[in-house]
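Okay, so here's the structure we're looking at.
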Protein chains: 4
Amino acid sequence: MSSLWGRFFRVSTFGESHGRAVGAVVDGMPAGMALEVEAIQRELDRRRPGGSPFVSARREPDQVEILSGLGGGKTLGTPIAMVVRNRDVRSADYREIAELFRPGHADFSYFEKYGVAPQPGGGRASGRETVGRVAAGAVAKVLLASAGVSLRAYTVQIGAVEAARVDLDFAAADPLACADPEAAEAMAREVTAAVRDGDSVGGVVELAASGVPAGWGDPVFGKLDATLAGAMVSIGAVKGVEIGDGFAVAGRRGSQNNDQMDAGGFRSNHAGGILGGISTGQTIVLRLAVKPTPSIARPQATLDLAGSERTIEIKGRHDPCICPRIVPVAEAMAALVLADAYLAQRATGGFGQ
Amino acid sequence: MSSLWGRFFRVSTFGESHGRAVGAVVDGMPAGMALEVEAIQRELDRRRPGGSPFVSARREPDQVEILSGLGGGKTLGTPIAMVVRNRDVRSADYREIAELFRPGHADFSYFEKYGVAPQPGGGRASGRETVGRVAAGAVAKVLLASAGVSLRAYTVQIGAVEAARVDLDFAAADPLACADPEAAEAMAREVTAAVRDGDSVGGVVELAASGVPAGWGDPVFGKLDATLAGAMVSIGAVKGVEIGDGFAVAGRRGSQNNDQMDAGGFRSNHAGGILGGISTGQTIVLRLAVKPTPSIARPQATLDLAGSERTIEIKGRHDPCICPRIVPVAEAMAALVLADAYLAQRATGGFGQ
Amino acid sequence: MSSLWGRFFRVSTFGESHGRAVGAVVDGMPAGMALEVEAIQRELDRRRPGGSPFVSARREPDQVEILSGLGGGKTLGTPIAMVVRNRDVRSADYREIAELFRPGHADFSYFEKYGVAPQPGGGRASGRETVGRVAAGAVAKVLLASAGVSLRAYTVQIGAVEAARVDLDFAAADPLACADPEAAEAMAREVTAAVRDGDSVGGVVELAASGVPAGWGDPVFGKLDATLAGAMVSIGAVKGVEIGDGFAVAGRRGSQNNDQMDAGGFRSNHAGGILGGISTGQTIVLRLAVKPTPSIARPQATLDLAGSERTIEIKGRHDPCICPRIVPVAEAMAALVLADAYLAQRATGGFGQ
Amino acid sequence: MSSLWGRFFRVSTFGESHGRAVGAVVDGMPAGMALEVEAIQRELDRRRPGGSPFVSARREPDQVEILSGLGGGKTLGTPIAMVVRNRDVRSADYREIAELFRPGHADFSYFEKYGVAPQPGGGRASGRETVGRVAAGAVAKVLLASAGVSLRAYTVQIGAVEAARVDLDFAAADPLACADPEAAEAMAREVTAAVRDGDSVGGVVELAASGVPAGWGDPVFGKLDATLAGAMVSIGAVKGVEIGDGFAVAGRRGSQNNDQMDAGGFRSNHAGGILGGISTGQTIVLRLAVKPTPSIARPQATLDLAGSERTIEIKGRHDPCICPRIVPVAEAMAALVLADAYLAQRATGGFGQ
């Protein structure tokens with residue numbers, strides 16, 4: 001297991017779906033910064049299921065407790081430990097399938113690696129693990145805000161429906177986090193159709209980070225886009241990531257894809273705000289391919305732990321489309337990466353000038 | 001700068017395009033393994049330009065010298081330092097454009113970060129940097145071969161032309177590394193058309209790793225796909241990465257995307273050989289979006305270091321399509337990731353059984 | 001702040017003296033190992049103050065709660081988060097001195113670094129921080145026990161009194177952890193004399209690790225002795241460390257200091273079980289210089305936060321000799337180092353044979 | 001093998017005693033700093049043997065070549081690779097003893113770990129490995145000089161002779177690096193007596209770093225003294241390390257050991273410039289226990305690789321007292337640690353003020 005992230009702004013997360021608690025320890029948050037528990041709770045509330053017909057019905061208060069690192073409402077420079085108790089644990093839903101490898105889930109690979117039978121609710125491989133990421137990301141966002149950086153993620157595709165434009169205010173209120181008011185209804189229909197069929201549906205989440213000054217990122221292995229890509233794919237269900245125009249560049253000519261410059265700066269942003277692994281000062285744009293939720297009610301062929309063929313029908317609470325749940329997690333992971341890059345640039349930047 | 005990669009199988013690379021040398025130091029290669037300089041030279045020869053009309057005319061012998069870590073043809077367990085001298089350095093080609101930010105290149109962002117004017121040939125941001133990666137990757141491949149793992153990359157798209165099937169033998173001999181004999185000619189036409197127009201063209205490179213046993217990869221932040229994604233995007237010109245079916249999953253239902261199992265194992269491999277960040281034993285499949293080479297002869301608007309508007313026409317030796325050059329580098333980076341995952345799994349696997 | 005330790009067996013600790021809790025997250029403990037909360041509690045009980053006239057009167061139940069990483073009494077391979085609530089927080093004892101830099105404490109340097117006024121009880125610089133170390137060390141001990149490794153620390157000097165021999169059973173029961181039954185009474189007198197004078201006294205703690213096979217440790221920067229030395233000096237109050245004969249070697253000839261070998265193995269163990277940074281299979285022996293507790297009742301000259309000269313007399317609960325408190329912490333830190341070295345050796349050892 | 005050091009200012013070293021070359025790659029040196037090869041060569045010349053009757057007669061030009069990272073006499077912010085070729089390789093001296101484990105050397109433990117027979121000249125375990133440390137340390141010194149930090153090491157004990165005072169100018173010229181003009185002659189006699197007896201002698205090296213501002217170091221595991229201690233013990237032949245008064249504190253009372261403060265600052269420096277793991281602004285003082293050179297002419301009992309009892313008499317070139325050779329290496333390692341701490345403090349310091 002490797003539940004540590006970052007080189008300067010370092011995070012250690014922990015917790016299984018049906019264990020006692022999930023959480024994170026942040027090491028590297030500078031001292032003297034105003035940090036309120038509400039800032040963390042707010043992000044956790046965004047992540048929390050239960051808010052709409054489109055997401056899992058599991059209801060957790062997900063109240064975060066900060067165990068350390070604060071004094072008088074300010075950071076002490078010491079590790080910030082945050083814990084969220086698991087409460088709504090209905091292991092019964094899982095008991096009957098504990099002996100089966102759920103298709104599309106990590107049950108088989110965890111069993112092969114750890115020699116441990118599938119844990120209720122997916123254990124560490126559950127989306128509940130992202131509580132720690134979001135809590136840590138909330139701390140990172142406070143650091144980034146002090147540097148003028150903000151980031152937002154939103155859904156730009158569900159099933160066959162693609163968003164044509166981005167309206168951040170609309171996305172913030174939409175239950176699917178859809179960025180395009182015109183497309184929202186059609187996206188919702190994709191989800192309800194999947195639910196009706198005992199099925200689920202995939203999508204694409206986009207993330208934009210604005211205010212990142214030129215100069216963040218550390219070539220050649222710590223390139224900002226490389227680190228962001230790794231962070232995004234570390235989120236469960238993410239099967240691909242694009243920076244800027246992403247796979248569209250494959251069909252392009254250099255003359256179409258290069259971002260030319262004039263006195264007003266870059267004329268375009270095909271690169272997605274990163275060149276040579278270093279931020280250019282433009283908005284950083286990423287897109288994440290989100291697979292359809294693997295937990296579906298329809299019968300599927302699988303094996304049990306003993307290797308016998310079985311049929312599985314997954315009951316319980318499951319999001320038919322995971323995109324809106326990915327949104328706050330993508331923001332959190334991007335925040336961790338950017339906070340780390342910010343501190344790294346503070347460390348070595350500004351010499352020789 | 002962050003030119004170190006890996007946690008167990010660790011690599012440090014160095015070198016600028018027009019400096020004295022490029023190379024790598026590998027720390028973590030186990031002792032007692034047969035390693036011949038030819039194994040490294042062979043990979044470097046694959047990476048070397050000059051082999052076809054489609055790639056840069058720069059001709060470097062790219063002879064590797066191993067400075068340490070070997071005794072009697074076997075690894076000593078000590079760091080393996082490898083150096084390749086730069087010889088064919090035609091800085092004159094670059095001198096006239098040294099004051100200009102080349103569109104699509106890292107000149108601007110490096111200048112903003114390091115306060116250093118664009119280096120001849122791109123300096124550290126040049127593709128020449130990948131010599132170190134390929135040399136280190138060649139060592140990793142030896143380690144992986146001992147575990148039965150092999151990996152191959154090849155071109156599956158150039159411009160508008162997509163490969164319909166994969167013929168590894170054909171790809172190995174094709175100057176564009178095209179995987180599909182039927183598509184090779186059309187791909188070549190895409191490149192020659194771009195050359196004729198003083199332009200360049202993008203593409204897609206696919207990578208397949210076979211023989212990886214189930215159990216490699218370390219959730220949640222060291223997931224095998226996350227680490228591979230970060231490694232791939234750390235390669236210059238890569239703007240996106242897909243694992244398994246990648247972005248295609250966005251339009252799918254869960255029932256279509258889940259890989260069901262029966263007594264014969266998985267019935268499909270939409271997941272690309274990785275579930276929950278851990279290898280499943282199936283072939284690992286990745287795809288990389290490769291942007292069109294930014295160095296093009298056509299005039300482009302840009303700025304000089306002083307901020308004045310200028311027009312740039314880039315001469316010199318440049319690959320019109322970077323895909324075949326990415327192929328050995330993608331293999332090298334995947335090898336570094338898998339070698340690291342292999343050692344990690346040796347460290348903590350097999351307890352409690 | 002850097003509260004993470006280890007490369008393979010990785011630990012993240014957190015918590016201030018008078019905050020809500022202290023604890024640790026262990027990442028890298030293999031799956032499938034029997035681990036009971038009692039094993040951790042037992043070590044915490046050894047660390048806990050309050051057991052004798054010689055140690056601080058602060059009384060904490062120090063009940064550990066394991067939040068994650070366990071299932072059915074076995075490790076899951078996932079992070080093990082452990083929390084101990086702070087209960088007996090008498091901040092009043094500290095309030096009057098909160099504006100003063102206590103001599104010998106970290107108040108001044110923390111203020112300079114973090115810009116934060118001295119925290120009650122020393123905050124993160126308090127010995128209470130070692131709860132996290134001891135909890136994590138207890139997990140490491142379980143891993144090491146499976147490899148046949150055990151370790152023990154004990155007091156070999158207090159003030160002017162030195163132990164002449166080592167009796168582990170005696171040390172285990174002695175309130176000062178004195179290793180020598182003959183010296184225990186004299187050591188106790190050193191402490192009571194210091195208490196009577198409103199003063200404190202220093203000492204030396206020795207640690208012996210047995211059962212470590214030959215081959216652990218990673219030259220040149222991850223040498224086993226180097227890593228142990230760093231770990232030991234990371235413990236508050238430790239001002240020096242010796243491996244094997246330590247500073248005594250300065251006065252020796254090579255012919256006296258070399259450990260010669262014959263068919264029975266090494267004839268002596270001046271090296272302390274480590275050669276070239278790698279374990280030899282002999283018992284590993286370290287010694288730690290422990291400074292006298294800086295908190296003393298006698299008046300001392302100091303400054304307040306505003307830089308004015310002041311006199312300080314420190315009241316409250318303080319151990320007059322910190323040696324017995326260092327004992328379990330030294331064991332814990334050594335266990336972390338050895339667990340890490342064990343996993344490292346599993347990762348790369350055994351090839352080519 | 002773990003030949004990487006540092007978290008921000010990162011160094012990768014390589015090379016065996018009788019291989020082709022030794023060297024280092026520095027990753028993390030900021031851009032835009034004036035760096036001349038002479039600055040590195042000068043430190044290597046200090047490290048080089050051959051300067052006096054007291055040190056090994058091996059004569060290497062030890063000419064460093066910088067392969068990367070520089071442009072126009074300034075750092076580019078990219079990795080700085082430095083190589084020193086091995087030339088004076090007299091493997092014949094070692095051939096006859098290649099089958100024997102030399103007492104006090106790493107032959108046995110390397111054999112156990114790597115399964116590799118002792119390499120000529122000690123291979124990676126040779127003092128020649130320190131060329132890479134010294135080259136990297138020279139770069140670190142340039143960074144530190146820009147921050148006003150300087151450091152010096154010198155010999156304060158050889159055999160039974162201790163220095164009573166420190167004269168840096170004298171030490172710089174003395175062949176044994178003795179700090180005390182009055183003690184130098186007696187120290188020299190200790191060495192010549194050992195040589196006469198076919199033996200060697202140990203000593204103590206002290207290091208002082210001045211100009212380090214308050215605030216460097218990262219509790220709890222990255223404490224400045226902990227990191228320095230680990231760095232020092234990573235140097236071959238170092239068997240102990242003291243910070244400030246070190247082991248002398250064991251016999252002290254708190255009232256004697258605490259450094260009280262008045263308007264003029266600290267009244268004393270028993271702590272050695274570090275409190276709570278953070279620099280106080282005072283001079284940082286360390287002492288290293290250096291064992292007598294294990295290579296001695298006197299016959300010693302040992303085993304051969306097959307386990308048979310043998311007698312060994314070590315010929316060839318060997319320093320009878322390693323202290324003067326340790327001096328530049330100790331400075332280099334301290335420079336690496338302090339450069340790292342400097343960058344770390346730049347990263348997270350200065351917020352909230």
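In the structure tokens, chains take the letters A, B, ... in the order shown, each chain's residues start at 1, and ligands count up from 1 in the order shown.
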- Would you kindly report the residues of chain A within 9 Å of chain D, using only C-alpha atoms, as a PyMOL selection string? chain A and resi 7-8+28-34+74+77-78+219+342-353
- Task: DSSP on the backbone, then: every residue of range 7-241 of chain C marked strand (DSSP E), written as a VMD selection string.
- Result: chain C and resid 10 to 14 21 to 27 64 to 66 70 to 71 74 to 75 80 to 85 150 to 158 161 to 162 203 to 210 238 to 241
Using only C-alpha atoms, which protein or nucleic acid residues come within 8 Å of range 37-43 of chain D? Drop anything in the same chain fewer than 4 positions from it, and give the result as a JSON list (two decimals) with N, CA and C atoms, in the first residue's frame.
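Okay, this is what ended up in selection.json:
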```
[["chain", "number", "residue", "atom", "x", "y", "z"],
["D", 47, "ARG", "N", 40.33, 16.44, -0.87],
["D", 47, "ARG", "CA", 40.01, 15.06, -0.54],
["D", 47, "ARG", "C", 41.07, 14.07, -1.02],
["D", 63, "GLN", "N", 40.57, 14.60, -11.72],
["D", 63, "GLN", "CA", 40.10, 15.75, -12.47],
["D", 63, "GLN", "C", 38.61, 15.60, -12.71],
["D", 64, "VAL", "N", 37.84, 16.55, -12.25],
["D", 64, "VAL", "CA", 36.39, 16.45, -12.42],
["D", 64, "VAL", "C", 35.98, 17.02, -13.78],
["D", 65, "GLU", "N", 35.05, 16.37, -14.41],
["D", 65, "GLU", "CA", 34.43, 16.92, -15.61],
["D", 65, "GLU", "C", 32.95, 17.13, -15.32],
["D", 66, "ILE", "N", 32.45, 18.30, -15.65],
["D", 66, "ILE", "CA", 31.02, 18.58, -15.47],
["D", 66, "ILE", "C", 30.32, 18.30, -16.78],
["D", 134, "VAL", "N", 31.99, 14.56, -2.22],
["D", 134, "VAL", "CA", 32.72, 15.82, -2.13],
["D", 134, "VAL", "C", 32.36, 16.73, -3.31],
["D", 135, "ALA", "N", 32.21, 16.14, -4.50],
["D", 135, "ALA", "CA", 31.83, 16.95, -5.66],
["D", 135, "ALA", "C", 30.45, 17.57, -5.45],
["D", 138, "ALA", "N", 30.55, 20.28, -2.88],
["D", 138, "ALA", "CA", 31.12, 21.54, -3.38],
["D", 138, "ALA", "C", 30.04, 22.40, -4.01],
["D", 139, "VAL", "N", 29.10, 21.75, -4.69],
["D", 139, "VAL", "CA", 27.98, 22.50, -5.26],
["D", 139, "VAL", "C", 27.10, 23.06, -4.14],
["D", 328, "PRO", "N", 37.26, 16.66, 4.59],
["D", 328, "PRO", "CA", 36.47, 17.26, 3.49],
["D", 328, "PRO", "C", 35.15, 16.54, 3.23]]
```
- Message: Which residues are near Ala179 in chain D? Cut-off 12 Å, only C-alpha atoms, ignore same chain within fewer than 3 positions. Put them as a PyMOL selection string.
- Response: chain D and resi 152-158+161-176+182-185+187+204-208+323-324+327
Produce a file of the selected residues containing N, CA and C atoms, as a CSV table (one decimal), in the first residue's frame.
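Written output follows (selection_31.csv):
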```csv
chain,number,residue,atom,x,y,z
D,152,ARG,N,33.4,24.2,8.3
D,152,ARG,CA,34.8,23.7,8.4
D,152,ARG,C,34.9,22.5,9.3
D,153,ALA,N,35.7,21.5,8.9
D,153,ALA,CA,35.9,20.4,9.7
D,153,ALA,C,37.4,20.3,10.0
D,154,TYR,N,37.8,19.6,11.1
D,154,TYR,CA,39.2,19.6,11.5
D,154,TYR,C,39.4,18.4,12.5
D,155,THR,N,40.6,18.0,12.6
D,155,THR,CA,40.9,16.9,13.6
D,155,THR,C,41.0,17.4,15.0
D,156,VAL,N,40.3,16.8,15.9
D,156,VAL,CA,40.5,17.2,17.3
D,156,VAL,C,41.1,16.1,18.2
D,157,GLN,N,41.2,14.9,17.7
D,157,GLN,CA,41.8,13.9,18.5
D,157,GLN,C,42.4,12.8,17.5
D,158,ILE,N,43.6,12.4,17.9
D,158,ILE,CA,44.2,11.2,17.2
D,158,ILE,C,44.8,10.3,18.3
D,161,VAL,N,45.8,11.6,21.8
D,161,VAL,CA,46.1,13.1,21.8
D,161,VAL,C,44.9,13.9,21.4
D,162,GLU,N,44.5,14.8,22.3
D,162,GLU,CA,43.3,15.6,22.0
D,162,GLU,C,43.8,17.1,21.8
D,163,ALA,N,43.1,17.7,20.9
D,163,ALA,CA,43.3,19.2,20.7
D,163,ALA,C,42.7,19.9,21.8
D,164,ALA,N,43.3,21.0,22.2
D,164,ALA,CA,42.8,21.8,23.3
D,164,ALA,C,42.2,23.1,22.8
D,165,ARG,N,42.5,23.4,21.5
D,165,ARG,CA,41.8,24.6,20.9
D,165,ARG,C,41.8,24.4,19.4
D,166,VAL,N,41.0,25.3,18.8
D,166,VAL,CA,40.8,25.3,17.3
D,166,VAL,C,41.4,26.5,16.6
D,167,ASP,N,42.3,26.2,15.8
D,167,ASP,CA,42.9,27.2,14.9
D,167,ASP,C,42.7,26.8,13.5
D,168,LEU,N,41.7,27.4,12.9
D,168,LEU,CA,41.2,27.0,11.5
D,168,LEU,C,42.3,27.1,10.5
D,169,ASP,N,43.1,28.2,10.6
D,169,ASP,CA,44.1,28.4,9.6
D,169,ASP,C,45.2,27.3,9.7
D,170,PHE,N,45.5,27.0,10.9
D,170,PHE,CA,46.5,25.9,11.2
D,170,PHE,C,46.0,24.6,10.6
D,171,ALA,N,44.7,24.3,10.9
D,171,ALA,CA,44.1,23.0,10.5
D,171,ALA,C,44.1,22.9,9.0
D,172,ALA,N,43.9,24.1,8.3
D,172,ALA,CA,43.8,24.0,6.8
D,172,ALA,C,45.2,23.6,6.2
D,173,ALA,N,46.2,23.9,6.9
D,173,ALA,CA,47.6,23.6,6.3
D,173,ALA,C,48.2,22.3,6.9
D,174,ASP,N,47.7,21.8,8.0
D,174,ASP,CA,48.3,20.7,8.7
D,174,ASP,C,47.9,19.4,7.9
D,175,PRO,N,48.9,18.5,7.7
D,175,PRO,CA,48.6,17.3,7.0
D,175,PRO,C,47.6,16.4,7.7
D,176,LEU,N,47.5,16.5,9.0
D,176,LEU,CA,46.5,15.7,9.7
D,176,LEU,C,45.2,16.5,10.0
D,182,GLU,N,49.5,23.3,19.1
D,182,GLU,CA,50.3,22.7,20.2
D,182,GLU,C,50.2,21.1,20.1
D,183,ALA,N,49.1,20.6,19.7
D,183,ALA,CA,48.9,19.2,19.7
D,183,ALA,C,49.4,18.5,18.4
D,184,ALA,N,49.6,19.2,17.4
D,184,ALA,CA,49.9,18.7,16.1
D,184,ALA,C,51.1,17.7,16.1
D,185,GLU,N,52.1,18.1,16.7
D,185,GLU,CA,53.3,17.2,16.7
D,185,GLU,C,53.0,15.9,17.4
D,187,MET,N,50.1,14.5,17.7
D,187,MET,CA,49.2,13.7,16.9
D,187,MET,C,50.0,13.0,15.8
D,204,VAL,N,39.1,11.7,16.3
D,204,VAL,CA,37.9,12.5,16.3
D,204,VAL,C,38.0,13.7,15.4
D,205,VAL,N,37.0,13.9,14.5
D,205,VAL,CA,36.9,15.0,13.7
D,205,VAL,C,35.7,15.9,14.2
D,206,GLU,N,36.0,17.2,14.2
D,206,GLU,CA,34.9,18.1,14.6
D,206,GLU,C,34.5,18.9,13.4
D,207,LEU,N,33.2,19.3,13.4
D,207,LEU,CA,32.8,20.2,12.3
D,207,LEU,C,32.0,21.3,12.9
D,208,ALA,N,32.2,22.5,12.3
D,208,ALA,CA,31.5,23.7,12.8
D,208,ALA,C,30.9,24.4,11.6
D,323,CYS,N,41.5,10.3,9.6
D,323,CYS,CA,40.9,11.6,10.0
D,323,CYS,C,41.1,12.7,9.0
D,324,PRO,N,42.3,13.0,8.5
D,324,PRO,CA,42.4,14.1,7.5
D,324,PRO,C,41.6,13.8,6.2
D,327,VAL,N,37.8,14.8,6.9
D,327,VAL,CA,37.6,16.2,7.0
D,327,VAL,C,36.8,16.8,5.8
```
- Hey, can you check how far CA of Arg267 in chain B sits from CA of Val116 in chain A? 23.4 Å
- Polymer residues at most 8 Å from range 14-17 of chain C, only C-alpha atoms, same-chain spacing of 4 or more positions, as a PyMOL selection string: (chain A and resi 25+67-69+78-81) or (chain C and resi 3+21-24+86+120-129+132)
